[in-house]
>>> print(open('model.cif').read())   # mmCIF, C-alpha atoms and all ligand atoms
data_protein
#
loop_
_atom_site.label_atom_id
_atom_site.label_comp_id
_atom_site.auth_asym_id
_atom_site.auth_seq_id
_atom_site.Cartn_x
_atom_site.Cartn_y
_atom_site.Cartn_z
CA MET A 672 0.00 0.00 0.00
CA ILE A 673 1.26 3.41 -0.98
CA ALA A 674 0.86 6.18 1.61
CA ALA A 675 0.85 9.88 0.87
CA ALA A 676 4.18 10.13 2.68
CA ASP A 677 5.72 8.03 -0.11
CA PHE A 678 4.76 10.47 -2.87
CA ASN A 679 7.86 11.69 -4.58
CA ILE A 680 7.73 15.49 -5.10
CA THR A 681 9.96 17.38 -7.52
CA LYS A 682 9.72 21.16 -7.19
CA ILE A 683 9.58 23.69 -10.05
CA GLU A 684 12.19 26.41 -10.37
CA ARG A 685 9.91 29.21 -11.48
CA SER A 686 6.09 29.41 -11.63
CA LYS A 687 4.49 29.91 -15.07
CA LEU A 688 1.87 31.91 -13.21
CA ASN A 689 4.15 34.93 -13.52
CA ASP A 690 3.28 35.04 -17.24
CA ILE A 691 -0.51 34.52 -17.08
CA ASN A 692 -3.46 36.70 -16.10
CA LEU A 693 -6.10 34.54 -14.42
CA GLU A 694 -9.10 36.66 -15.51
CA ASN A 695 -11.57 35.27 -18.08
CA ILE A 696 -9.23 32.52 -19.15
CA PRO A 697 -10.68 30.07 -21.66
CA PHE A 698 -11.53 26.58 -20.36
CA GLY A 699 -8.68 24.11 -20.57
CA LYS A 700 -6.09 26.35 -22.17
CA TYR A 701 -3.49 26.73 -19.43
CA MET A 702 -2.05 23.99 -17.25
CA THR A 703 -0.57 24.70 -13.84
CA ASP A 704 3.02 24.14 -12.72
CA TYR A 705 2.60 20.58 -11.44
CA MET A 706 1.07 17.23 -12.38
CA LEU A 707 0.66 13.88 -10.64
CA GLU A 708 1.69 10.63 -12.24
CA ALA A 709 1.44 7.03 -11.00
CA ASP A 710 2.00 3.68 -12.70
CA TYR A 711 0.18 0.39 -12.45
CA GLU A 712 2.45 -2.56 -13.08
CA ASP A 713 2.64 -6.17 -11.91
CA GLY A 714 -0.78 -5.85 -10.28
CA GLU A 715 -0.03 -2.81 -8.14
CA TRP A 716 0.18 0.96 -8.17
CA LYS A 717 3.68 2.36 -7.73
CA ASN A 718 5.87 5.44 -8.35
CA VAL A 719 3.45 8.16 -7.26
CA GLU A 720 5.13 11.35 -8.34
CA ILE A 721 4.21 15.02 -8.26
CA LYS A 722 6.46 16.87 -10.67
CA PRO A 723 6.65 19.82 -13.04
CA TYR A 724 3.96 19.67 -15.78
CA GLN A 725 5.66 18.16 -18.81
CA PRO A 726 5.02 16.08 -21.95
CA LEU A 727 4.92 12.30 -21.83
CA LEU A 728 7.09 10.06 -23.93
CA MET A 729 4.96 7.27 -25.40
CA ALA A 730 5.40 4.30 -27.71
CA PRO A 731 3.34 4.42 -30.94
CA SER A 732 1.99 1.00 -29.94
CA LEU A 733 0.57 2.39 -26.67
CA ALA A 734 -2.63 0.40 -26.06
CA ALA A 735 -4.86 3.34 -25.05
CA ILE A 736 -4.37 5.08 -28.39
CA HIS A 737 -5.59 2.03 -30.28
CA TYR A 738 -8.28 0.45 -28.14
CA GLY A 739 -9.47 3.22 -25.91
CA GLN A 740 -9.04 2.06 -22.33
CA ALA A 741 -9.08 5.65 -21.16
CA ILE A 742 -11.24 7.31 -18.51
CA PHE A 743 -11.27 10.69 -16.80
CA GLU A 744 -12.91 12.88 -14.18
CA GLY A 745 -13.67 16.57 -13.77
CA VAL A 746 -13.50 18.20 -10.35
CA LYS A 747 -13.14 21.82 -9.23
CA ALA A 748 -11.26 23.68 -6.51
CA TYR A 749 -12.36 27.08 -5.21
CA LYS A 750 -11.09 29.70 -2.83
CA ASN A 751 -13.36 31.23 -0.22
CA ASP A 752 -13.28 34.91 0.76
CA ALA A 753 -10.52 34.19 3.26
CA GLY A 754 -8.44 32.74 0.43
CA GLU A 755 -8.65 29.16 1.73
CA PRO A 756 -8.72 26.46 -0.96
CA TYR A 757 -11.48 23.81 -1.04
CA ILE A 758 -12.36 21.00 -3.44
CA PHE A 759 -16.03 20.37 -4.30
CA ARG A 760 -17.22 16.78 -3.60
CA PRO A 761 -14.05 14.99 -4.76
CA LEU A 762 -15.05 11.73 -3.07
CA ASP A 763 -18.01 11.44 -5.44
CA ASN A 764 -15.65 11.80 -8.39
CA PHE A 765 -13.33 9.21 -6.86
CA LYS A 766 -16.18 6.68 -6.65
CA ARG A 767 -17.36 7.42 -10.18
CA PHE A 768 -13.80 7.14 -11.48
CA ASN A 769 -13.47 3.64 -10.11
CA ALA A 770 -16.92 2.70 -11.45
CA SER A 771 -15.70 3.83 -14.89
CA ALA A 772 -12.47 1.85 -14.38
CA GLU A 773 -14.38 -1.36 -13.62
CA ARG A 774 -16.61 -1.01 -16.67
CA MET A 775 -13.54 -0.49 -18.87
CA GLN A 776 -11.71 -3.50 -17.37
CA MET A 777 -9.09 -1.21 -15.80
CA PRO A 778 -7.65 -1.37 -12.27
CA THR A 779 -9.26 0.82 -9.62
CA VAL A 780 -7.16 3.56 -8.06
CA PRO A 781 -6.71 3.49 -4.25
CA GLU A 782 -8.38 6.32 -2.35
CA GLU A 783 -5.03 7.35 -0.88
CA ILE A 784 -3.53 8.02 -4.30
CA PHE A 785 -6.62 9.66 -5.81
CA MET A 786 -7.68 11.83 -2.87
CA GLU A 787 -4.40 12.57 -1.11
CA GLY A 788 -2.64 12.93 -4.45
CA MET A 789 -5.25 15.45 -5.58
CA LYS A 790 -5.07 17.39 -2.32
CA GLN A 791 -1.28 17.58 -2.35
CA LEU A 792 -1.22 18.59 -5.99
CA VAL A 793 -3.83 21.34 -5.55
CA LYS A 794 -2.00 22.55 -2.45
CA LEU A 795 1.22 22.94 -4.42
CA ASP A 796 -0.65 24.82 -7.17
CA ALA A 797 -2.99 26.73 -4.82
CA ASN A 798 -1.86 30.08 -6.25
CA TRP A 799 -3.51 29.00 -9.50
CA ILE A 800 -7.02 28.94 -8.02
CA PRO A 801 -8.59 32.16 -9.35
CA GLU A 802 -10.54 34.23 -6.85
CA LYS A 803 -13.04 35.83 -9.26
CA VAL A 804 -16.70 34.73 -9.32
CA ASP A 805 -17.40 31.88 -11.77
CA HIS A 806 -13.67 31.14 -11.87
CA SER A 807 -12.06 28.05 -10.39
CA LEU A 808 -9.30 25.52 -10.76
CA TYR A 809 -10.43 22.57 -12.90
CA ILE A 810 -8.95 19.26 -11.78
CA ARG A 811 -8.59 16.52 -14.39
CA PRO A 812 -7.75 13.03 -13.06
CA PHE A 813 -7.40 10.43 -15.83
CA MET A 814 -6.16 6.91 -16.49
CA PHE A 815 -5.13 5.13 -19.67
CA SER A 816 -3.63 1.80 -20.66
CA THR A 817 0.09 1.75 -21.38
CA ASP A 818 0.91 -1.74 -22.67
CA GLU A 819 3.11 -1.49 -25.73
CA THR A 820 1.46 -4.04 -27.99
CA ILE A 821 -1.18 -3.87 -30.68
CA GLY A 822 -2.93 -7.04 -29.55
CA VAL A 823 -6.53 -6.40 -28.43
CA LYS A 824 -6.77 -7.24 -24.73
CA PRO A 825 -7.04 -5.46 -21.41
CA SER A 826 -3.68 -3.85 -20.77
CA ASP A 827 -1.41 -5.07 -17.98
CA LYS A 828 -0.04 -1.57 -17.40
CA TYR A 829 -1.75 1.76 -16.80
CA LYS A 830 -0.92 5.34 -15.98
CA PHE A 831 -3.00 7.45 -13.59
CA MET A 832 -2.47 11.18 -13.76
CA ILE A 833 -3.94 14.44 -12.46
CA ILE A 834 -3.46 17.74 -14.23
CA LEU A 835 -4.91 21.13 -13.28
CA SER A 836 -6.21 24.02 -15.35
CA PRO A 837 -7.47 27.41 -14.10
CA THR A 838 -10.77 28.34 -15.71
CA GLY A 839 -13.31 31.10 -16.16
CA PRO A 840 -17.02 30.72 -17.11
CA TYR A 841 -17.46 27.74 -19.50
CA TYR A 842 -20.56 28.52 -21.56
CA ALA A 843 -20.88 32.18 -20.73
CA THR A 844 -23.85 32.77 -23.04
CA PRO A 845 -27.16 30.86 -22.96
CA MET A 846 -27.19 27.91 -25.34
CA ARG A 847 -29.23 26.78 -28.31
CA ILE A 848 -29.85 23.03 -28.15
CA TYR A 849 -30.83 20.63 -30.92
CA VAL A 850 -32.76 17.52 -29.90
CA GLU A 851 -30.91 14.67 -31.62
CA GLU A 852 -32.95 11.84 -33.09
CA GLN A 853 -30.63 10.26 -35.62
CA TYR A 854 -27.32 9.67 -33.81
CA VAL A 855 -27.04 8.19 -30.31
CA ARG A 856 -24.52 8.61 -27.53
CA ALA A 857 -25.22 5.53 -25.44
CA VAL A 858 -27.31 2.37 -25.30
CA PRO A 859 -28.48 0.29 -22.33
CA GLY A 860 -25.69 -2.16 -21.56
CA GLY A 861 -23.12 0.20 -23.09
CA ILE A 862 -20.65 2.57 -21.46
CA GLY A 863 -22.78 5.72 -21.25
CA PHE A 864 -22.52 5.87 -17.44
CA ALA A 865 -18.70 5.74 -17.58
CA LYS A 866 -16.61 8.87 -18.07
CA ALA A 867 -14.75 7.01 -20.81
CA ALA A 868 -12.86 8.85 -23.55
CA GLY A 869 -14.63 7.06 -26.41
CA ASN A 870 -18.02 8.46 -25.39
CA TYR A 871 -16.79 11.92 -26.33
CA GLY A 872 -15.15 10.95 -29.61
CA GLY A 873 -18.37 9.20 -30.58
CA ALA A 874 -20.42 12.33 -29.85
CA MET A 875 -18.42 14.78 -31.92
CA TYR A 876 -19.93 14.09 -35.33
CA ALA A 877 -23.50 14.65 -34.21
CA THR A 878 -22.49 17.79 -32.33
CA ALA A 879 -20.69 19.13 -35.40
CA GLN A 880 -23.82 18.51 -37.50
CA ALA A 881 -25.91 20.44 -34.95
CA LYS A 882 -23.37 23.28 -35.06
CA LEU A 883 -23.77 23.51 -38.82
CA LYS A 884 -27.46 24.13 -38.14
CA GLY A 885 -26.57 26.91 -35.69
CA TYR A 886 -26.84 24.98 -32.41
CA ASP A 887 -24.30 24.78 -29.58
CA GLN A 888 -25.00 21.23 -28.43
CA VAL A 889 -27.31 18.29 -28.95
CA LEU A 890 -29.75 16.92 -26.42
CA TRP A 891 -29.39 13.15 -26.81
CA THR A 892 -32.45 10.94 -26.91
CA ASP A 893 -32.70 7.20 -26.18
CA ALA A 894 -31.30 4.73 -28.71
CA TYR A 895 -34.53 2.77 -29.38
CA GLU A 896 -37.29 5.32 -29.90
CA HIS A 897 -35.37 8.61 -30.06
CA LYS A 898 -38.03 10.00 -27.78
CA TYR A 899 -36.75 9.93 -24.20
CA VAL A 900 -34.37 12.78 -23.38
CA GLN A 901 -30.98 11.82 -21.94
CA GLU A 902 -28.33 14.53 -21.51
CA CYS A 903 -26.49 17.29 -23.34
CA GLY A 904 -22.81 17.31 -24.32
CA THR A 905 -21.04 17.12 -20.98
CA MET A 906 -24.06 18.11 -18.94
CA ASN A 907 -27.09 16.53 -17.36
CA VAL A 908 -30.31 18.31 -18.12
CA ILE A 909 -33.18 19.51 -15.92
CA PHE A 910 -36.64 20.62 -17.05
CA ILE A 911 -38.85 22.86 -14.94
CA ILE A 912 -42.49 22.12 -15.72
CA GLY A 913 -44.89 24.01 -13.48
CA ASN A 914 -43.45 23.69 -9.98
CA THR A 915 -41.75 20.37 -10.71
CA ALA A 916 -38.17 19.72 -11.76
CA ILE A 917 -37.86 16.67 -13.98
CA THR A 918 -34.57 15.02 -14.91
CA PRO A 919 -33.94 11.65 -16.58
CA ASP A 920 -33.27 8.83 -14.11
CA LEU A 921 -30.02 6.86 -14.15
CA GLU A 922 -31.56 3.38 -14.41
CA SER A 923 -30.74 2.65 -18.03
CA GLY A 924 -27.01 3.27 -17.48
CA THR A 925 -26.93 5.56 -20.51
CA ILE A 926 -26.45 8.80 -18.59
CA LEU A 927 -23.51 10.14 -16.63
CA LYS A 928 -24.29 10.27 -12.91
CA GLY A 929 -23.40 13.93 -12.53
CA VAL A 930 -22.14 15.24 -9.20
CA THR A 931 -23.59 18.63 -10.13
CA ARG A 932 -26.90 16.95 -11.04
CA ASP A 933 -27.03 15.41 -7.57
CA SER A 934 -26.13 18.73 -5.89
CA VAL A 935 -28.76 20.60 -7.92
CA ILE A 936 -31.46 18.02 -7.07
CA THR A 937 -30.67 18.60 -3.38
CA ILE A 938 -30.83 22.39 -3.79
CA LEU A 939 -34.08 22.25 -5.81
CA LYS A 940 -35.73 20.23 -3.05
CA GLU A 941 -34.54 22.75 -0.48
CA MET A 942 -36.08 25.49 -2.63
CA GLY A 943 -39.43 23.70 -2.29
CA LEU A 944 -39.69 22.22 -5.77
CA THR A 945 -40.82 18.68 -6.37
CA VAL A 946 -38.05 16.72 -8.09
CA GLU A 947 -38.84 13.76 -10.31
CA GLU A 948 -36.11 11.48 -11.64
CA ARG A 949 -37.84 9.53 -14.38
CA ALA A 950 -38.15 8.86 -18.08
CA LEU A 951 -39.12 12.05 -19.87
CA ASN A 952 -40.58 11.86 -23.37
CA ILE A 953 -39.89 14.81 -25.67
CA ASP A 954 -43.63 14.82 -26.53
CA GLU A 955 -44.39 15.59 -22.87
CA VAL A 956 -41.91 18.49 -23.03
CA ILE A 957 -43.60 19.84 -26.15
CA GLU A 958 -47.07 19.50 -24.65
CA ALA A 959 -45.89 21.40 -21.57
CA HIS A 960 -44.45 24.09 -23.82
CA LYS A 961 -47.74 24.39 -25.72
CA ALA A 962 -49.64 24.61 -22.43
CA GLY A 963 -47.25 27.29 -21.17
CA THR A 964 -46.05 25.21 -18.22
CA LEU A 965 -42.53 24.50 -19.51
CA LYS A 966 -40.69 27.22 -17.63
CA GLU A 967 -36.98 26.41 -17.95
CA VAL A 968 -34.47 23.93 -19.26
CA PHE A 969 -30.89 24.00 -18.04
CA GLY A 970 -27.74 21.93 -18.03
CA THR A 971 -25.64 20.92 -15.02
CA GLY A 972 -21.98 19.87 -15.00
CA THR A 973 -18.70 20.56 -13.27
CA ALA A 974 -17.15 22.38 -16.22
CA ALA A 975 -20.18 24.56 -16.96
CA THR A 976 -21.87 24.45 -13.50
CA ILE A 977 -25.35 25.70 -14.54
CA SER A 978 -25.84 26.41 -18.24
CA LEU A 979 -28.90 28.36 -19.28
CA ILE A 980 -30.70 27.21 -22.40
CA LYS A 981 -32.42 29.83 -24.56
CA GLU A 982 -33.64 27.57 -27.33
CA LEU A 983 -34.56 23.92 -27.65
CA ARG A 984 -35.45 22.56 -31.05
CA TYR A 985 -37.15 19.22 -31.81
CA LYS A 986 -37.67 18.58 -35.54
CA ASP A 987 -39.22 21.86 -36.70
CA TYR A 988 -40.66 22.76 -33.32
CA VAL A 989 -38.72 25.55 -31.62
CA MET A 990 -39.03 26.31 -27.91
CA GLU A 991 -37.60 29.62 -26.80
CA PHE A 992 -36.85 30.80 -23.28
CA ASP A 993 -36.30 34.35 -22.10
CA THR A 994 -33.21 33.76 -19.97
CA ALA A 995 -33.50 37.25 -18.44
CA THR A 996 -36.66 36.26 -16.57
CA LEU A 997 -35.79 32.76 -15.32
CA GLN A 998 -36.73 32.01 -11.71
CA VAL A 999 -35.06 28.71 -10.92
CA ALA A 1000 -31.73 28.20 -12.70
CA PRO A 1001 -30.15 31.52 -11.61
CA LYS A 1002 -31.23 30.85 -8.01
CA VAL A 1003 -29.74 27.35 -8.09
CA LYS A 1004 -26.53 28.69 -9.55
CA GLU A 1005 -26.32 31.39 -6.90
CA THR A 1006 -26.90 28.88 -4.11
CA LEU A 1007 -24.28 26.53 -5.52
CA ASN A 1008 -21.81 29.38 -5.93
CA ASN A 1009 -22.47 30.59 -2.38
CA ILE A 1010 -21.58 27.13 -1.10
CA ARG A 1011 -18.54 26.82 -3.34
CA TYR A 1012 -17.14 30.23 -2.49
CA GLY A 1013 -17.85 29.73 1.22
CA LYS A 1014 -20.45 32.51 1.48
CA VAL A 1015 -23.02 30.27 3.17
CA ALA A 1016 -22.69 27.28 5.49
CA ASP A 1017 -21.81 24.04 3.73
CA THR A 1018 -24.59 22.02 5.39
CA HIS A 1019 -24.06 18.95 3.17
CA GLY A 1020 -20.33 18.50 3.73
CA TRP A 1021 -19.60 19.06 0.06
CA MET A 1022 -16.49 21.22 0.47
CA VAL A 1023 -13.29 19.36 1.26
CA LYS A 1024 -10.59 21.47 2.81
CA LEU A 1025 -6.99 20.97 1.76
C1 LIG A 1101 -18.96 14.92 -16.69
C2 LIG A 1101 -20.28 14.78 -17.39
C3 LIG A 1101 -21.49 15.25 -16.85
C4 LIG A 1101 -21.56 16.07 -15.59
O1 LIG A 1101 -21.10 15.43 -14.46
P1 LIG A 1101 -20.57 16.31 -13.23
O2 LIG A 1101 -20.16 15.30 -12.23
O3 LIG A 1101 -21.71 17.13 -12.78
O4 LIG A 1101 -19.46 17.13 -13.74
C5 LIG A 1101 -22.66 14.97 -17.52
N1 LIG A 1101 -22.66 14.29 -18.68
C6 LIG A 1101 -21.51 13.85 -19.24
C7 LIG A 1101 -21.60 13.09 -20.50
C8 LIG A 1101 -20.30 14.10 -18.62
O5 LIG A 1101 -19.17 13.69 -19.18
#
>>> encode(input="model.cif", output="structure tokens")
Amino acid sequence: MIAAADFNITKIERSKLNDINLENIPFGKYMTDYMLEADYEDGEWKNVEIKPYQPLLMAPSLAAIHYGQAIFEGVKAYKNDAGEPYIFRPLDNFKRFNASAERMQMPTVPEEIFMEGMKQLVKLDANWIPEKVDHSLYIRPFMFSTDETIGVKPSDKYKFMIILSPTGPYYATPMRIYVEEQYVRAVPGGIGFAKAAGNYGGAMYATAQAKLKGYDQVLWTDAYEHKYVQECGTMNVIFIIGNTAITPDLESGTILKGVTRDSVITILKEMGLTVEERALNIDEVIEAHKAGTLKEVFGTGTAATISLIKELRYKDYVMEFDTATLQVAPKVKETLNNIRYGKVADTHGWMVKL
């Protein structure tokens, strides 16, 4: 068993932060000074290292590149008004990461390496956590297979890494969403619930087609009937119909079990809304829109937090939302931000101190 005390730390000589302004930085563009790297070999994790962010040297036969045993997570660190760094619900990401690993026939990562490694890494790069509203430090843990052979089989070797990237607002402007009914993201029995790299590669064509039509993202529907709404890009989706919040349930295994989704469900209930996790047919959404009871649709995810949706299109039917007058999504976002930036009490134990 590896303990945090065994992590090998190599210090940088000069911080790159001296050359970067942390205001309104685009998502994912800059990496911090450090990264974490660990290797799985001979049935165990070894060589946990925190070292200066640097390129990897890889064999062209590297298994992950060919057969896609690759998974990742997205977590965020914030600073409160006193300048103290916190990470939002990292244990939930840890559990989901290992669920993804199992589905992809990859080894699980011990809690000590994932959690303590993340904490130590963020601590070293704490100066990179922006203090502006809607800004944060995005944490990207990931794992990929590293066998050097082009035979198709689960790899014997893997690399687990964590890199960090300071970020500003993700989708700053409200989105236009196209309800997809030709291409599918996931099927029951597939890997839709795993944060596996291939899910994103497989989604890009449909998203590009929607962009050609002027939309920012697709809202996926189920693989059989193309009727039941699933999720959007890298976000779960919530519909406010009357005084009820409806979001697709996780039963079919085709939807990512979002940590933000879970947090938002908790907040919505505290706001007095009824929350239903169930199958939601696009026809029901359209009927609610025609009846005037479809109030809001918004996306939830770590990268984007809450993303307002100003247009939802199904076939030729266009649903528009005046995002200046929304009642629920902005309130949820404010509540979530107040918790994340330490402005209200963290009654759910979501913030993990470094
Ligand atoms: C990461 C992700 C989400 C959101 O999950 P969070 O834990 O809230 O960040 C939703 N859908 C997909 C496909 C994702 O990859």
>>> residues_near_point(input="model.cif", point="(-17.8, 13.2, -23.9)", cutoff="9 Å", atoms="all atoms listed in the file", output="PyMOL selection string")
chain A and resi 856+866-875+904-905
>>> closest_residue(input="model.cif", among="A:Gln880, A:Ser807, A:Ser816, A:Gln725", to="Tyr757 of chain A", atoms="all atoms listed in the file")
A:Ser807
>>> closest_atom_pairs(input="model.cif", of="segment 865-942 of chain A", to="segment 996-1005 of chain A", cutoff="9 Å", atoms="all atoms listed in the file", output="JSON lines")
{"residue": "A:Ile911", "atom": "CA", "partner": "A:Val999", "partner_atom": "CA", "distance": 8.0}
{"residue": "A:Val935", "atom": "CA", "partner": "A:Val1003", "partner_atom": "CA", "distance": 6.8}
{"residue": "A:Ile938", "atom": "CA", "partner": "A:Val1003", "partner_atom": "CA", "distance": 6.7}
{"residue": "A:Leu939", "atom": "CA", "partner": "A:Val1003", "partner_atom": "CA", "distance": 7.1}
{"residue": "A:Met942", "atom": "CA", "partner": "A:Val1003", "partner_atom": "CA", "distance": 8.6}
>>> closest_residue(input="model.cif", among="A:Leu795, A:Ala734, A:Met846, A:Ala857", to="Leu979 of chain A", atoms="all atoms listed in the file")
A:Met846
>>> residues_around(input="model.cif", residues="Glu922 of chain A", least_positions_apart="6", cutoff="10 Å", atoms="all atoms listed in the file", output="ChimeraX atom specification")
/A:859,864,948-950
>>> residues_near_ligand(input="model.cif", ligand="ligand LIG 1101 (chain A)", cutoff="8 Å", atoms="all atoms listed in the file", output="MDAnalysis selection string")
chainID A and resid 744:746 764 863:864 866 870:871 902:907 926:933 971:974 976
>>> residues_around(input="model.cif", residues="Val1023 of chain A", least_positions_apart="5", cutoff="8 Å", atoms="all atoms listed in the file", output="number ranges by chain")
A: 757-761
>>> write_last_selection(input="model.cif", atoms="C-alpha atoms", output="JSON list (two decimals), in the frame of the given file")
[["chain", "number", "residue", "atom", "x", "y", "z"],
["A", 757, "TYR", "CA", -11.48, 23.81, -1.04],
["A", 758, "ILE", "CA", -12.36, 21.00, -3.44],
["A", 759, "PHE", "CA", -16.03, 20.37, -4.30],
["A", 760, "ARG", "CA", -17.22, 16.78, -3.60],
["A", 761, "PRO", "CA", -14.05, 14.99, -4.76]]
>>> residues_around(input="model.cif", residues="Thr681 of chain A", least_positions_apart="5", cutoff="10 Å", atoms="only C-alpha atoms", output="MDAnalysis selection string")
chainID A and resid 705 720:723
>>> closest_residue(input="model.cif", among="A:Gly839, A:Pro726, A:Gly739, A:Pro731", to="Lys824 of chain A", atoms="only C-alpha atoms")
A:Gly739
>>> closest_residue(input="model.cif", among="A:Glu947, A:Glu708, A:Glu852, A:Asp818", to="Val900 of chain A", atoms="all atoms listed in the file")
A:Glu852
>>> atom_distance(input="model.cif", atom1="atom CA of Pro825 of chain A", atom2="atom CA of Tyr738 of chain A")
9.0 Å
>>> build_atoms(input="model.cif", residues="segment 972-989 of chain A", atoms="N, CA and C atoms", output="compact mmCIF listing (two decimals), keeping the file's coordinate frame")
# COMPACT_ATOMS: atom_id res chain seq x y z
N GLY A 972 -23.24 20.62 -14.87
CA GLY A 972 -21.98 19.87 -15.00
C GLY A 972 -20.85 20.64 -14.34
N THR A 973 -19.81 19.93 -13.97
CA THR A 973 -18.70 20.56 -13.27
C THR A 973 -18.05 21.67 -14.10
N ALA A 974 -17.83 21.39 -15.38
CA ALA A 974 -17.15 22.38 -16.22
C ALA A 974 -18.01 23.63 -16.37
N ALA A 975 -19.30 23.42 -16.67
CA ALA A 975 -20.18 24.56 -16.96
C ALA A 975 -20.97 25.02 -15.73
N THR A 976 -20.98 24.30 -14.68
CA THR A 976 -21.87 24.45 -13.50
C THR A 976 -23.34 24.46 -13.96
N ILE A 977 -23.98 25.63 -14.03
CA ILE A 977 -25.35 25.70 -14.54
C ILE A 977 -25.30 26.41 -15.89
N SER A 978 -25.81 25.77 -16.93
CA SER A 978 -25.84 26.41 -18.24
C SER A 978 -27.27 26.70 -18.65
N LEU A 979 -27.55 27.98 -18.87
CA LEU A 979 -28.90 28.36 -19.28
C LEU A 979 -29.12 27.96 -20.74
N ILE A 980 -30.34 27.58 -21.03
CA ILE A 980 -30.70 27.21 -22.40
C ILE A 980 -31.75 28.20 -22.90
N LYS A 981 -31.46 28.83 -24.05
CA LYS A 981 -32.42 29.83 -24.56
C LYS A 981 -33.27 29.29 -25.69
N GLU A 982 -32.83 28.17 -26.27
CA GLU A 982 -33.64 27.57 -27.33
C GLU A 982 -33.46 26.06 -27.36
N LEU A 983 -34.57 25.38 -27.53
CA LEU A 983 -34.56 23.92 -27.65
C LEU A 983 -35.36 23.61 -28.90
N ARG A 984 -34.73 22.86 -29.81
CA ARG A 984 -35.45 22.56 -31.05
C ARG A 984 -35.61 21.06 -31.24
N TYR A 985 -36.86 20.62 -31.48
CA TYR A 985 -37.15 19.22 -31.81
C TYR A 985 -37.82 19.19 -33.17
N LYS A 986 -37.21 18.53 -34.14
CA LYS A 986 -37.67 18.58 -35.54
C LYS A 986 -37.84 20.05 -35.92
N ASP A 987 -39.04 20.46 -36.32
CA ASP A 987 -39.22 21.86 -36.70
C ASP A 987 -39.83 22.69 -35.57
N TYR A 988 -40.01 22.05 -34.42
CA TYR A 988 -40.66 22.76 -33.32
C TYR A 988 -39.61 23.45 -32.45
N VAL A 989 -39.71 24.77 -32.35
CA VAL A 989 -38.72 25.55 -31.62
C VAL A 989 -39.31 26.08 -30.31
